[in-house]
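Dropping coords27.cif in here (mmCIF, C-alpha atoms):
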data_target
#
loop_
_atom_site.label_atom_id
_atom_site.label_comp_id
_atom_site.auth_asym_id
_atom_site.auth_seq_id
_atom_site.Cartn_x
_atom_site.Cartn_y
_atom_site.Cartn_z
CA MET A 295 0.00 0.00 0.00
CA THR A 296 1.34 3.42 -0.98
CA GLU A 297 2.27 5.54 2.01
CA LYS A 298 0.21 8.70 2.45
CA ILE A 299 2.42 11.73 2.96
CA PHE A 300 1.75 15.38 3.73
CA LYS A 301 0.68 17.54 0.81
CA THR A 302 0.77 21.32 0.71
CA ILE A 303 -2.34 23.25 -0.33
CA ASP A 304 -0.77 23.91 -3.75
CA GLU A 305 -0.09 20.19 -4.16
CA GLN A 306 -3.68 19.41 -3.16
CA VAL A 307 -4.95 21.78 -5.86
CA GLU A 308 -2.73 20.09 -8.43
CA ILE A 309 -4.04 16.66 -7.39
CA LEU A 310 -7.60 17.83 -8.00
CA LYS A 311 -6.64 19.29 -11.35
CA GLY A 312 -4.94 16.02 -12.24
CA LYS A 313 -8.27 14.31 -11.71
CA ASP A 314 -9.89 16.72 -14.21
CA LEU A 315 -11.64 18.87 -11.60
CA VAL A 316 -12.18 22.40 -12.93
CA ILE A 317 -10.66 25.04 -10.64
CA LYS A 318 -12.17 28.42 -11.52
CA ASN A 319 -10.70 30.46 -8.68
CA GLU A 320 -7.45 29.05 -7.34
CA ALA A 321 -7.06 31.58 -4.54
CA LYS A 322 -10.52 30.84 -3.17
CA THR A 323 -10.01 27.10 -3.62
CA ARG A 324 -6.77 27.23 -1.62
CA GLU A 325 -8.48 29.20 1.15
CA ILE A 326 -11.36 26.69 1.34
CA LEU A 327 -9.00 23.69 1.38
CA PHE A 328 -6.94 25.28 4.14
CA ARG A 329 -10.01 26.05 6.26
CA GLU A 330 -12.15 22.99 5.60
CA ASN A 331 -9.59 20.19 5.04
CA TYR A 332 -8.87 18.51 1.69
CA PHE A 333 -9.70 15.06 3.09
CA PHE A 334 -13.18 16.11 4.23
CA ILE A 335 -14.07 17.81 0.96
CA SER A 336 -12.65 15.06 -1.26
CA GLY A 337 -14.88 12.61 0.62
CA TYR A 338 -17.73 13.84 -1.59
CA ARG A 339 -15.91 13.16 -4.87
CA HIS A 340 -17.61 9.79 -5.50
CA LEU A 341 -20.80 11.50 -6.62
CA PHE A 342 -18.86 13.11 -9.48
CA MET A 343 -16.50 10.34 -10.56
CA THR A 344 -16.65 8.59 -13.93
CA LYS A 345 -17.93 5.04 -13.91
CA GLU A 346 -15.09 3.84 -16.11
CA THR A 347 -12.19 4.34 -13.71
CA GLY A 348 -13.60 6.07 -10.66
CA LYS A 349 -10.41 8.16 -10.60
CA LYS A 350 -11.40 11.08 -12.82
CA PHE A 351 -14.15 13.63 -12.34
CA LEU A 352 -17.01 13.80 -14.81
CA SER A 353 -16.23 16.25 -17.60
CA GLY A 354 -16.89 19.82 -16.51
CA THR A 355 -17.14 19.12 -12.78
CA THR A 356 -16.04 22.20 -10.84
CA PHE A 357 -14.58 22.59 -7.39
CA GLU A 358 -17.61 24.75 -6.58
CA GLU A 359 -19.89 21.75 -7.21
CA LEU A 360 -17.77 19.54 -4.98
CA TYR A 361 -17.76 22.17 -2.25
CA ALA A 362 -21.52 22.73 -2.63
CA THR A 363 -22.05 19.04 -1.83
CA PHE A 364 -19.84 19.39 1.24
CA LEU A 365 -21.91 22.39 2.39
CA PHE A 366 -25.16 20.57 1.63
CA ASP A 367 -24.12 17.67 3.83
CA ARG A 368 -23.13 20.05 6.62
CA ALA A 369 -26.49 21.82 6.42
CA ILE A 370 -28.65 18.68 6.49
CA ARG A 371 -26.39 17.17 9.15
CA ASN A 372 -27.10 20.17 11.38
CA THR A 373 -30.82 19.93 10.63
CA PHE A 374 -31.01 16.23 11.42
CA PHE A 375 -28.81 16.58 14.48
CA LYS A 376 -30.98 19.17 16.19
CA ASN A 377 -34.08 17.07 15.56
CA ILE A 378 -32.45 13.88 16.82
CA LEU A 379 -31.61 15.84 19.97
CA ILE A 380 -35.30 16.71 20.34
CA VAL A 381 -36.19 13.01 20.18
CA GLU A 382 -33.37 12.17 22.58
CA ASN A 383 -34.65 14.68 25.12
CA ASN A 384 -38.24 13.48 24.69
CA ILE A 385 -37.29 9.82 25.18
CA LYS A 386 -35.25 10.63 28.27
CA SER A 387 -38.10 12.66 29.73
CA ILE A 388 -40.81 10.07 29.01
CA MET A 389 -38.68 7.15 30.16
CA SER A 390 -37.61 8.80 33.41
CA TYR A 391 -41.18 9.85 34.19
CA GLN A 392 -42.68 6.41 33.59
CA LEU A 393 -40.00 4.51 35.49
CA SER A 394 -39.74 6.97 38.40
CA ARG A 395 -43.48 6.84 38.90
CA LYS A 396 -43.38 3.05 39.02
CA TYR A 397 -40.08 2.25 40.75
CA GLY A 398 -39.12 5.32 42.75
CA PHE A 399 -36.65 8.15 42.35
CA LYS A 400 -33.49 6.87 44.08
CA GLU A 401 -30.81 4.85 42.27
CA LYS A 402 -31.16 1.89 44.65
CA ASP A 403 -34.83 1.71 43.69
CA TYR A 404 -35.00 2.39 39.96
CA LEU A 405 -31.75 0.54 39.19
CA ASP A 406 -32.77 -2.59 41.08
CA PHE A 407 -32.07 -5.65 38.92
CA LYS A 408 -35.57 -7.04 39.49
CA ASN A 409 -37.10 -4.03 37.71
CA PHE A 410 -35.65 -5.14 34.39
CA SER A 411 -36.12 -8.00 31.95
CA GLN A 412 -36.00 -11.33 33.73
CA ASP A 413 -35.41 -13.25 30.51
CA ALA A 414 -32.46 -15.54 31.15
CA LEU A 415 -31.09 -14.74 27.69
CA GLN A 416 -30.87 -11.06 28.65
CA SER A 417 -29.42 -11.53 32.11
CA ARG A 418 -25.87 -10.67 31.11
CA GLN A 419 -27.05 -7.73 29.00
CA VAL A 420 -29.03 -6.34 31.95
CA HIS A 421 -25.99 -6.54 34.21
CA ASP A 422 -23.77 -4.93 31.57
CA VAL A 423 -26.11 -2.01 30.92
CA LEU A 424 -26.76 -1.35 34.61
CA ASN A 425 -23.02 -1.35 35.20
CA LYS A 426 -22.61 1.20 32.40
CA VAL A 427 -25.24 3.42 34.00
CA LYS A 428 -23.65 3.14 37.43
CA ARG A 429 -20.26 3.92 35.93
CA GLN A 430 -21.70 7.09 34.42
CA ILE A 431 -22.88 8.09 37.87
CA ARG A 432 -19.39 7.54 39.30
CA VAL A 433 -17.53 9.21 36.45
CA ASN A 434 -19.84 12.08 35.52
CA GLY A 435 -22.05 12.53 38.56
CA ARG A 436 -19.92 15.30 40.05
CA LYS A 437 -19.05 16.92 36.71
CA HIS A 438 -22.54 18.21 35.95
CA ALA A 439 -24.20 20.92 38.01
CA ALA A 440 -27.58 19.20 38.33
CA THR A 441 -26.28 15.76 39.31
CA TYR A 442 -23.67 17.28 41.62
CA HIS A 443 -26.40 19.31 43.36
CA TYR A 444 -28.45 16.20 44.12
CA ILE A 445 -25.45 14.17 45.26
CA GLU A 446 -24.28 16.92 47.61
CA ASN A 447 -27.67 17.92 48.99
CA TYR A 448 -29.71 14.73 48.89
CA GLY A 449 -27.27 11.86 48.49
CA TYR A 450 -28.96 10.43 45.40
CA ILE A 451 -29.68 11.30 41.75
CA PRO A 452 -33.28 11.02 40.50
CA LEU A 453 -33.63 9.30 37.16
CA TRP A 454 -34.98 12.46 35.54
CA ILE A 455 -31.68 14.13 36.43
CA LEU A 456 -29.46 11.13 35.73
CA VAL A 457 -30.60 10.87 32.09
CA LYS A 458 -28.86 14.19 31.44
CA VAL A 459 -25.45 12.53 31.79
CA LEU A 460 -26.37 9.33 29.92
CA SER A 461 -25.48 9.10 26.24
CA PHE A 462 -28.23 8.37 23.75
CA GLY A 463 -26.53 5.02 23.10
CA ILE A 464 -26.79 4.00 26.74
CA VAL A 465 -30.40 5.21 26.89
CA ALA A 466 -31.18 3.00 23.87
CA GLU A 467 -29.57 0.03 25.62
CA PHE A 468 -31.41 0.90 28.83
CA TYR A 469 -34.75 0.79 27.00
CA ASP A 470 -33.83 -2.58 25.51
CA ILE A 471 -33.46 -4.21 28.96
CA LEU A 472 -36.73 -2.89 30.40
CA LYS A 473 -39.59 -5.26 31.10
CA TYR A 474 -41.91 -5.50 28.13
CA ASP A 475 -44.76 -3.75 29.96
CA ASP A 476 -42.50 -0.79 30.71
CA GLN A 477 -41.27 -0.69 27.13
CA GLU A 478 -44.88 -0.71 26.00
CA ASP A 479 -45.82 2.20 28.27
CA ILE A 480 -43.15 4.25 26.52
CA SER A 481 -43.65 3.04 22.94
CA ASN A 482 -47.42 3.60 23.18
CA VAL A 483 -46.72 7.32 23.35
CA TYR A 484 -45.50 7.05 19.76
CA LYS A 485 -48.12 4.52 18.69
CA ILE A 486 -45.51 1.92 17.75
CA SER A 487 -44.49 -1.42 19.21
CA PRO A 488 -41.65 -1.82 21.73
CA ASP A 489 -39.70 -3.89 19.18
CA VAL A 490 -39.88 -1.09 16.62
CA LEU A 491 -38.90 1.57 19.16
CA THR A 492 -35.93 -0.56 20.22
CA ILE A 493 -34.69 -0.58 16.61
CA TYR A 494 -35.39 3.14 16.16
CA LEU A 495 -33.46 4.16 19.28
CA SER A 496 -30.46 2.08 18.28
CA LEU A 497 -30.37 3.54 14.77
CA LEU A 498 -31.00 7.09 15.96
CA SER A 499 -28.01 6.72 18.25
CA ASN A 500 -25.96 5.67 15.22
CA PHE A 501 -27.10 8.65 13.14
CA ARG A 502 -26.56 10.95 16.11
CA ASN A 503 -22.94 9.87 16.35
CA VAL A 504 -22.39 10.46 12.63
CA CYS A 505 -23.80 13.98 13.00
CA ALA A 506 -21.96 14.77 16.23
CA HIS A 507 -18.59 13.75 14.77
CA GLU A 508 -19.26 15.57 11.49
CA ASP A 509 -18.84 12.43 9.42
CA ILE A 510 -20.30 12.21 5.92
CA LEU A 511 -24.04 11.81 6.37
CA TYR A 512 -25.78 12.12 3.02
CA ASP A 513 -24.88 8.61 1.80
CA HIS A 514 -24.53 6.96 5.21
CA ARG A 515 -25.97 3.47 5.51
CA THR A 516 -26.68 1.59 8.73
CA GLN A 517 -26.15 -2.15 9.09
CA ARG A 518 -29.58 -2.65 10.64
CA LEU A 519 -32.80 -1.99 8.70
CA ILE A 520 -35.94 -0.34 9.96
CA PRO A 521 -39.14 -2.41 9.63
CA ASP A 522 -41.46 -1.63 6.72
CA THR A 523 -43.88 1.20 7.49
CA LYS A 524 -47.06 2.57 6.00
CA TYR A 525 -44.99 5.40 4.52
CA HIS A 526 -43.08 2.98 2.30
CA GLU A 527 -46.40 1.85 0.84
CA MET A 528 -48.02 5.30 0.69
CA LEU A 529 -45.04 6.72 -1.20
CA ASN A 530 -45.05 3.76 -3.60
CA ILE A 531 -41.37 3.19 -2.95
CA PRO A 532 -40.08 0.63 -5.46
CA SER A 533 -38.79 -2.69 -4.21
CA ASP A 534 -36.63 -5.56 -5.37
CA ASP A 535 -36.09 -9.11 -4.14
CA GLU A 536 -34.65 -7.77 -0.89
CA GLY A 537 -37.50 -5.34 -0.21
CA TYR A 538 -37.94 -1.58 -0.48
CA ILE A 539 -34.93 0.10 -2.07
CA TYR A 540 -35.32 3.37 -0.14
CA GLY A 541 -36.06 4.15 3.47
CA LYS A 542 -34.62 1.05 5.09
CA ASN A 543 -31.06 1.86 6.18
CA ASP A 544 -30.35 5.12 4.36
CA LEU A 545 -30.98 8.77 5.17
CA PHE A 546 -34.64 8.45 4.25
CA SER A 547 -35.02 5.81 6.95
CA LEU A 548 -33.98 8.57 9.36
CA VAL A 549 -36.66 10.82 7.88
CA ILE A 550 -39.24 8.08 8.47
CA MET A 551 -38.14 7.51 12.06
CA LEU A 552 -38.32 11.23 12.80
CA LYS A 553 -41.74 11.39 11.15
CA VAL A 554 -42.91 8.85 13.72
CA LEU A 555 -41.13 10.29 16.75
CA LEU A 556 -41.30 14.06 16.29
CA ARG A 557 -44.29 16.30 16.80
CA LYS A 558 -45.86 17.27 13.46
CA GLU A 559 -44.81 20.91 13.76
CA ASP A 560 -41.19 19.96 14.37
CA PHE A 561 -41.15 17.46 11.53
CA ASP A 562 -42.70 19.94 9.10
CA VAL A 563 -40.02 22.52 9.83
CA MET A 564 -37.34 19.88 9.36
CA ALA A 565 -38.81 18.70 6.05
CA ASP A 566 -38.94 22.27 4.74
CA GLU A 567 -35.32 22.87 5.73
CA ILE A 568 -34.18 19.70 3.96
CA LYS A 569 -36.22 20.55 0.86
CA ARG A 570 -34.59 23.96 0.71
CA GLU A 571 -31.12 22.46 0.94
CA VAL A 572 -31.92 19.91 -1.78
CA GLU A 573 -33.09 22.75 -4.03
CA LEU A 574 -29.93 24.79 -3.34
CA LEU A 575 -27.77 21.79 -4.17
CA ASP A 576 -29.69 21.17 -7.38
CA GLU A 577 -29.07 24.79 -8.38
CA ALA A 578 -25.35 24.50 -7.62
CA ILE A 579 -24.69 21.24 -9.50
CA ASN A 580 -24.91 20.85 -13.26
CA VAL A 581 -23.00 17.65 -14.07
CA VAL A 582 -25.10 15.31 -11.95
CA PRO A 583 -28.94 15.10 -12.23
CA LEU A 584 -31.00 15.66 -9.10
CA ASP A 585 -32.43 12.11 -9.27
CA THR A 586 -28.89 10.74 -9.09
CA ILE A 587 -28.21 12.83 -6.01
CA LEU A 588 -31.47 11.75 -4.35
CA ASN A 589 -30.71 8.12 -5.15
CA ARG A 590 -27.34 8.47 -3.46
CA ILE A 591 -29.05 9.89 -0.39
CA GLY A 592 -31.73 7.21 -0.44
CA PHE A 593 -34.59 9.63 -1.08
CA PRO A 594 -37.39 8.66 -3.45
CA SER A 595 -38.21 11.48 -5.90
CA ASN A 596 -41.50 12.12 -4.07
CA TRP A 597 -39.89 12.08 -0.60
CA TYR A 598 -41.35 15.46 0.39
CA ASP A 599 -44.91 14.06 0.16
CA ILE A 600 -44.31 12.38 3.53
CA LYS A 601 -44.76 15.79 5.18
CA GLU A 602 -48.52 15.75 4.53
CA MET A 603 -49.05 12.10 5.41
CA GLU A 604 -50.61 11.07 8.70
#
Write the structure described by the file as structure tokens, please.
Amino acid sequence: MTEKIFKTIDEQVEILKGKDLVIKNEAKTREILFRENYFFISGYRHLFMTKETGKKFLSGTTFEELYATFLFDRAIRNTFFKNILIVENNIKSIMSYQLSRKYGFKEKDYLDFKNFSQDALQSRQVHDVLNKVKRQIRVNGRKHAATYHYIENYGYIPLWILVKVLSFGIVAEFYDILKYDDQEDISNVYKISPDVLTIYLSLLSNFRNVCAHEDILYDHRTQRLIPDTKYHEMLNIPSDDEGYIYGKNDLFSLVIMLKVLLRKEDFDVMADEIKREVELLDEAINVVPLDTILNRIGFPSNWYDIKEME
């Protein structure tokens, strides 16, 4: 394998030129590469590469088009991230309310092993997750104002305070080890089954991490699929031998999950923001058709119709 060595900004520009990328304004291109990072921007090159070799840009592709895709991904990443955070906060609030009401508000009560799944196959998982939660209390309990206040003044941390220091990933695992009745009390709020909510929380945690670490989002694919929904059918999403080709593990699957979990007003604002960014990208790119871009994202051409669906 060829060793990767440091390249100056000028060398980076020459590499892009060597791949037939059109550089209209070299000074601006250098400034953008210096500020944004060549590696991050070049991560979007695949959308514009020729099928023959995959090493040259499509004829006429400009740096501005490549950068527009980078900015598009940043914009929708920010939009999705803030809405995932809304769901995260909602889940934490609903979960802590339901469990505190049933099991009490002190750690020794609500973290009692008997309050969780008694399935022998989950026994180890229950122990592992509870240990993770308790570790968060030890490690982060005194680092956050709210948890520190309760430890110092009351000697315990209520669950509705504790969830503030728990990652979304741990919260998803925590939900997975609850007794089925408790899972159902929470999932009923969203009018979905506990099994579906378990999958949604796990995948939302995955998407949240992609957004939080500013990884490439627009063509991200998860290993796990979401179950078929009424929206797949209502949108007439095409399918093949493996099932629906959109909305299963791509970015549109995230749209579907947020459609289910967000309030309508929040979802509508999100859909409008995404639509605007898609339109801006379409205006900025000439060498690649919009349908090709949407296919890369995993959006059906009529994706925006989901906004008006119940």
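With CA of Gly541 (chain A) on one side and CA of Lys376 (chain A) on the other, the separation reads 20.3 Å.
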Answer key for the PyMOL selection byres ((chain A and resi 338-341) around 12), residues as number ranges by chain = A: 310, 313-315, 332-337, 342-345, 347-352, 355-368, 509-514, 579, 581-591
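Between CA of Thr441 (chain A) and CA of Gln477 (chain A) lies a distance of 25.4 Å.
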Could you list the residues chosen by the PyMOL selection byres ((chain A and resi 391) around 12) in this structure as a PDB file with C-alpha atoms, in the frame of the given file?
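Output contents, as saved in result_38.pdb:
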ATOM      1  CA  ASN A 384     -38.240  13.480  24.690  1.00  0.00           C
ATOM      2  CA  ILE A 385     -37.290   9.820  25.180  1.00  0.00           C
ATOM      3  CA  LYS A 386     -35.250  10.630  28.270  1.00  0.00           C
ATOM      4  CA  SER A 387     -38.100  12.660  29.730  1.00  0.00           C
ATOM      5  CA  ILE A 388     -40.810  10.070  29.010  1.00  0.00           C
ATOM      6  CA  MET A 389     -38.680   7.150  30.160  1.00  0.00           C
ATOM      7  CA  SER A 390     -37.610   8.800  33.410  1.00  0.00           C
ATOM      8  CA  GLN A 392     -42.680   6.410  33.590  1.00  0.00           C
ATOM      9  CA  LEU A 393     -40.000   4.510  35.490  1.00  0.00           C
ATOM     10  CA  SER A 394     -39.740   6.970  38.400  1.00  0.00           C
ATOM     11  CA  ARG A 395     -43.480   6.840  38.900  1.00  0.00           C
ATOM     12  CA  LYS A 396     -43.380   3.050  39.020  1.00  0.00           C
ATOM     13  CA  TYR A 397     -40.080   2.250  40.750  1.00  0.00           C
ATOM     14  CA  GLY A 398     -39.120   5.320  42.750  1.00  0.00           C
ATOM     15  CA  PHE A 399     -36.650   8.150  42.350  1.00  0.00           C
ATOM     16  CA  TYR A 404     -35.000   2.390  39.960  1.00  0.00           C
ATOM     17  CA  PRO A 452     -33.280  11.020  40.500  1.00  0.00           C
ATOM     18  CA  LEU A 453     -33.630   9.300  37.160  1.00  0.00           C
ATOM     19  CA  TRP A 454     -34.980  12.460  35.540  1.00  0.00           C
ATOM     20  CA  ILE A 455     -31.680  14.130  36.430  1.00  0.00           C
ATOM     21  CA  LEU A 456     -29.460  11.130  35.730  1.00  0.00           C
ATOM     22  CA  VAL A 457     -30.600  10.870  32.090  1.00  0.00           C
ATOM     23  CA  ASP A 476     -42.500  -0.790  30.710  1.00  0.00           C
ATOM     24  CA  ASP A 479     -45.820   2.200  28.270  1.00  0.00           C
ATOM     25  CA  ILE A 480     -43.150   4.250  26.520  1.00  0.00           C
TER      26      ILE A 480
END
Return the single residue from A:Ala440, A:Leu379, A:Ala565, A:Ala578 that is closest to Phe501 (chain A), with distances computed using all atoms listed in the file.
->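 Looking only at the distances to Phe501 (chain A), the closest residue turns out to be A:Leu379.
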Evaluate the PyMOL selection byres ((chain A and resi 594) around 12) and report residues as an mmCIF file with C-alpha atoms, in the coordinates of the input:
data_model
loop_
_atom_site.group_PDB
_atom_site.id
_atom_site.type_symbol
_atom_site.label_atom_id
_atom_site.label_comp_id
_atom_site.auth_asym_id
_atom_site.auth_seq_id
_atom_site.Cartn_x
_atom_site.Cartn_y
_atom_site.Cartn_z
ATOM 1 C CA TYR A 525 -44.990 5.400 4.520
ATOM 2 C CA HIS A 526 -43.080 2.980 2.300
ATOM 3 C CA MET A 528 -48.020 5.300 0.690
ATOM 4 C CA LEU A 529 -45.040 6.720 -1.200
ATOM 5 C CA ASN A 530 -45.050 3.760 -3.600
ATOM 6 C CA ILE A 531 -41.370 3.190 -2.950
ATOM 7 C CA PRO A 532 -40.080 0.630 -5.460
ATOM 8 C CA SER A 533 -38.790 -2.690 -4.210
ATOM 9 C CA TYR A 538 -37.940 -1.580 -0.480
ATOM 10 C CA ILE A 539 -34.930 0.100 -2.070
ATOM 11 C CA TYR A 540 -35.320 3.370 -0.140
ATOM 12 C CA GLY A 541 -36.060 4.150 3.470
ATOM 13 C CA LYS A 542 -34.620 1.050 5.090
ATOM 14 C CA ASP A 544 -30.350 5.120 4.360
ATOM 15 C CA LEU A 545 -30.980 8.770 5.170
ATOM 16 C CA PHE A 546 -34.640 8.450 4.250
ATOM 17 C CA SER A 547 -35.020 5.810 6.950
ATOM 18 C CA VAL A 549 -36.660 10.820 7.880
ATOM 19 C CA LEU A 584 -31.000 15.660 -9.100
ATOM 20 C CA ASP A 585 -32.430 12.110 -9.270
ATOM 21 C CA THR A 586 -28.890 10.740 -9.090
ATOM 22 C CA ILE A 587 -28.210 12.830 -6.010
ATOM 23 C CA LEU A 588 -31.470 11.750 -4.350
ATOM 24 C CA ASN A 589 -30.710 8.120 -5.150
ATOM 25 C CA ARG A 590 -27.340 8.470 -3.460
ATOM 26 C CA ILE A 591 -29.050 9.890 -0.390
ATOM 27 C CA GLY A 592 -31.730 7.210 -0.440
ATOM 28 C CA PHE A 593 -34.590 9.630 -1.080
ATOM 29 C CA SER A 595 -38.210 11.480 -5.900
ATOM 30 C CA ASN A 596 -41.500 12.120 -4.070
ATOM 31 C CA TRP A 597 -39.890 12.080 -0.600
ATOM 32 C CA TYR A 598 -41.350 15.460 0.390
ATOM 33 C CA ASP A 599 -44.910 14.060 0.160
ATOM 34 C CA ILE A 600 -44.310 12.380 3.530
#
When distances are computed from all atoms listed in the file, which of A:Lys569, A:Lys322, A:Lys428, A:Arg371 shows the smallest separation from Glu508 (chain A)?
->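 Closest residue, counting all atoms listed in the file: A:Arg371.
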Compute the distance from (-1.0, 14.9, 4.0) to each atom, counting all atoms listed in the file, keep the residues with any atom at most 12 Å away, and return them as a PyMOL selection string; use the coordinates of the file.
-> chain A and resi 297-306+309+328+331-333
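Picture a line from CA of Phe462 (chain A) to CA of His507 (chain A); it runs 14.2 Å.
Using only C-alpha atoms, the shortest contact distance between Asn434 (chain A) and any of A:Ile550, A:Tyr469, A:Glu446, A:Val459 is found at A:Val459.
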Selection: 9 Å around Phe468 (chain A), only C-alpha atoms, excl. self and same-chain fewer than 4 positions, as JSON, numbers by chain | {"A": [420, 423, 424, 427, 463, 464, 472]}
Where does region 476-515 of chain A meet region 551-563 of chain A within 10 Å, residue by residue, with the nearest atom pair and distance in Å to one decimal for each, counting all atoms listed in the file, listed by chain and rising number, as a Markdown table?
| residue | atom | partner | partner_atom | distance |
| --- | --- | --- | --- | --- |
| A:Ser481 | CA | A:Leu555 | CA | 9.9 |
| A:Val483 | CA | A:Leu555 | CA | 9.1 |
| A:Tyr484 | CA | A:Leu555 | CA | 6.2 |
| A:Lys485 | CA | A:Val554 | CA | 8.4 |
| A:Ile486 | CA | A:Val554 | CA | 8.4 |
| A:Val490 | CA | A:Met551 | CA | 9.9 |
| A:Leu491 | CA | A:Met551 | CA | 9.3 |
| A:Ile493 | CA | A:Met551 | CA | 9.9 |
| A:Tyr494 | CA | A:Met551 | CA | 6.6 |
| A:Leu495 | CA | A:Met551 | CA | 9.2 |
| A:Leu497 | CA | A:Met551 | CA | 9.1 |
| A:Leu498 | CA | A:Met551 | CA | 8.1 |
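Closest approach to Lys458 (chain A) from the set A:Gln517, A:Glu382, A:Leu415, A:Phe410 is made by A:Glu382, with distances taken over all atoms listed in the file.
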Can you sort out region 308-329 of chain A so it carries N, CA and C atoms, written as a short mmCIF file (atom, residue, chain, number, x, y, z; two decimals), keeping the file's coordinate frame?
data_model
loop_
_atom_site.label_atom_id
_atom_site.label_comp_id
_atom_site.auth_asym_id
_atom_site.auth_seq_id
_atom_site.Cartn_x
_atom_site.Cartn_y
_atom_site.Cartn_z
N GLU A 308 -3.24 20.78 -7.24
CA GLU A 308 -2.73 20.09 -8.43
C GLU A 308 -3.28 18.67 -8.53
N ILE A 309 -3.45 18.00 -7.38
CA ILE A 309 -4.04 16.66 -7.39
C ILE A 309 -5.45 16.70 -7.95
N LEU A 310 -6.23 17.69 -7.51
CA LEU A 310 -7.60 17.83 -8.00
C LEU A 310 -7.63 18.13 -9.49
N LYS A 311 -6.73 19.00 -9.93
CA LYS A 311 -6.64 19.29 -11.35
C LYS A 311 -6.28 18.04 -12.14
N GLY A 312 -5.37 17.25 -11.58
CA GLY A 312 -4.94 16.02 -12.24
C GLY A 312 -6.06 15.01 -12.40
N LYS A 313 -7.10 15.18 -11.60
CA LYS A 313 -8.27 14.31 -11.71
C LYS A 313 -9.38 14.96 -12.54
N ASP A 314 -8.99 16.01 -13.28
CA ASP A 314 -9.89 16.72 -14.21
C ASP A 314 -10.96 17.57 -13.52
N LEU A 315 -10.72 17.96 -12.26
CA LEU A 315 -11.64 18.87 -11.60
C LEU A 315 -11.32 20.29 -12.07
N VAL A 316 -12.36 21.03 -12.45
CA VAL A 316 -12.18 22.40 -12.93
C VAL A 316 -12.03 23.34 -11.73
N ILE A 317 -10.92 24.06 -11.70
CA ILE A 317 -10.66 25.04 -10.64
C ILE A 317 -10.82 26.42 -11.25
N LYS A 318 -11.91 27.10 -10.94
CA LYS A 318 -12.17 28.42 -11.52
C LYS A 318 -11.42 29.53 -10.80
N ASN A 319 -11.33 29.41 -9.48
CA ASN A 319 -10.70 30.46 -8.68
C ASN A 319 -9.71 29.78 -7.73
N GLU A 320 -8.44 29.79 -8.11
CA GLU A 320 -7.45 29.05 -7.34
C GLU A 320 -7.24 29.63 -5.96
N ALA A 321 -7.27 30.95 -5.85
CA ALA A 321 -7.06 31.58 -4.54
C ALA A 321 -8.17 31.18 -3.57
N LYS A 322 -9.40 31.21 -4.03
CA LYS A 322 -10.52 30.84 -3.17
C LYS A 322 -10.48 29.34 -2.85
N THR A 323 -10.11 28.55 -3.83
CA THR A 323 -10.01 27.10 -3.62
C THR A 323 -8.97 26.79 -2.55
N ARG A 324 -7.81 27.45 -2.62
CA ARG A 324 -6.77 27.23 -1.62
C ARG A 324 -7.27 27.61 -0.23
N GLU A 325 -7.97 28.72 -0.15
CA GLU A 325 -8.48 29.20 1.15
C GLU A 325 -9.48 28.21 1.73
N ILE A 326 -10.36 27.66 0.89
CA ILE A 326 -11.36 26.69 1.34
C ILE A 326 -10.68 25.39 1.79
N LEU A 327 -9.71 24.92 1.03
CA LEU A 327 -9.00 23.69 1.38
C LEU A 327 -8.25 23.85 2.70
N PHE A 328 -7.67 25.02 2.90
CA PHE A 328 -6.94 25.28 4.14
C PHE A 328 -7.89 25.31 5.34
N ARG A 329 -9.07 25.90 5.16
CA ARG A 329 -10.01 26.05 6.26
C ARG A 329 -10.82 24.78 6.52
#
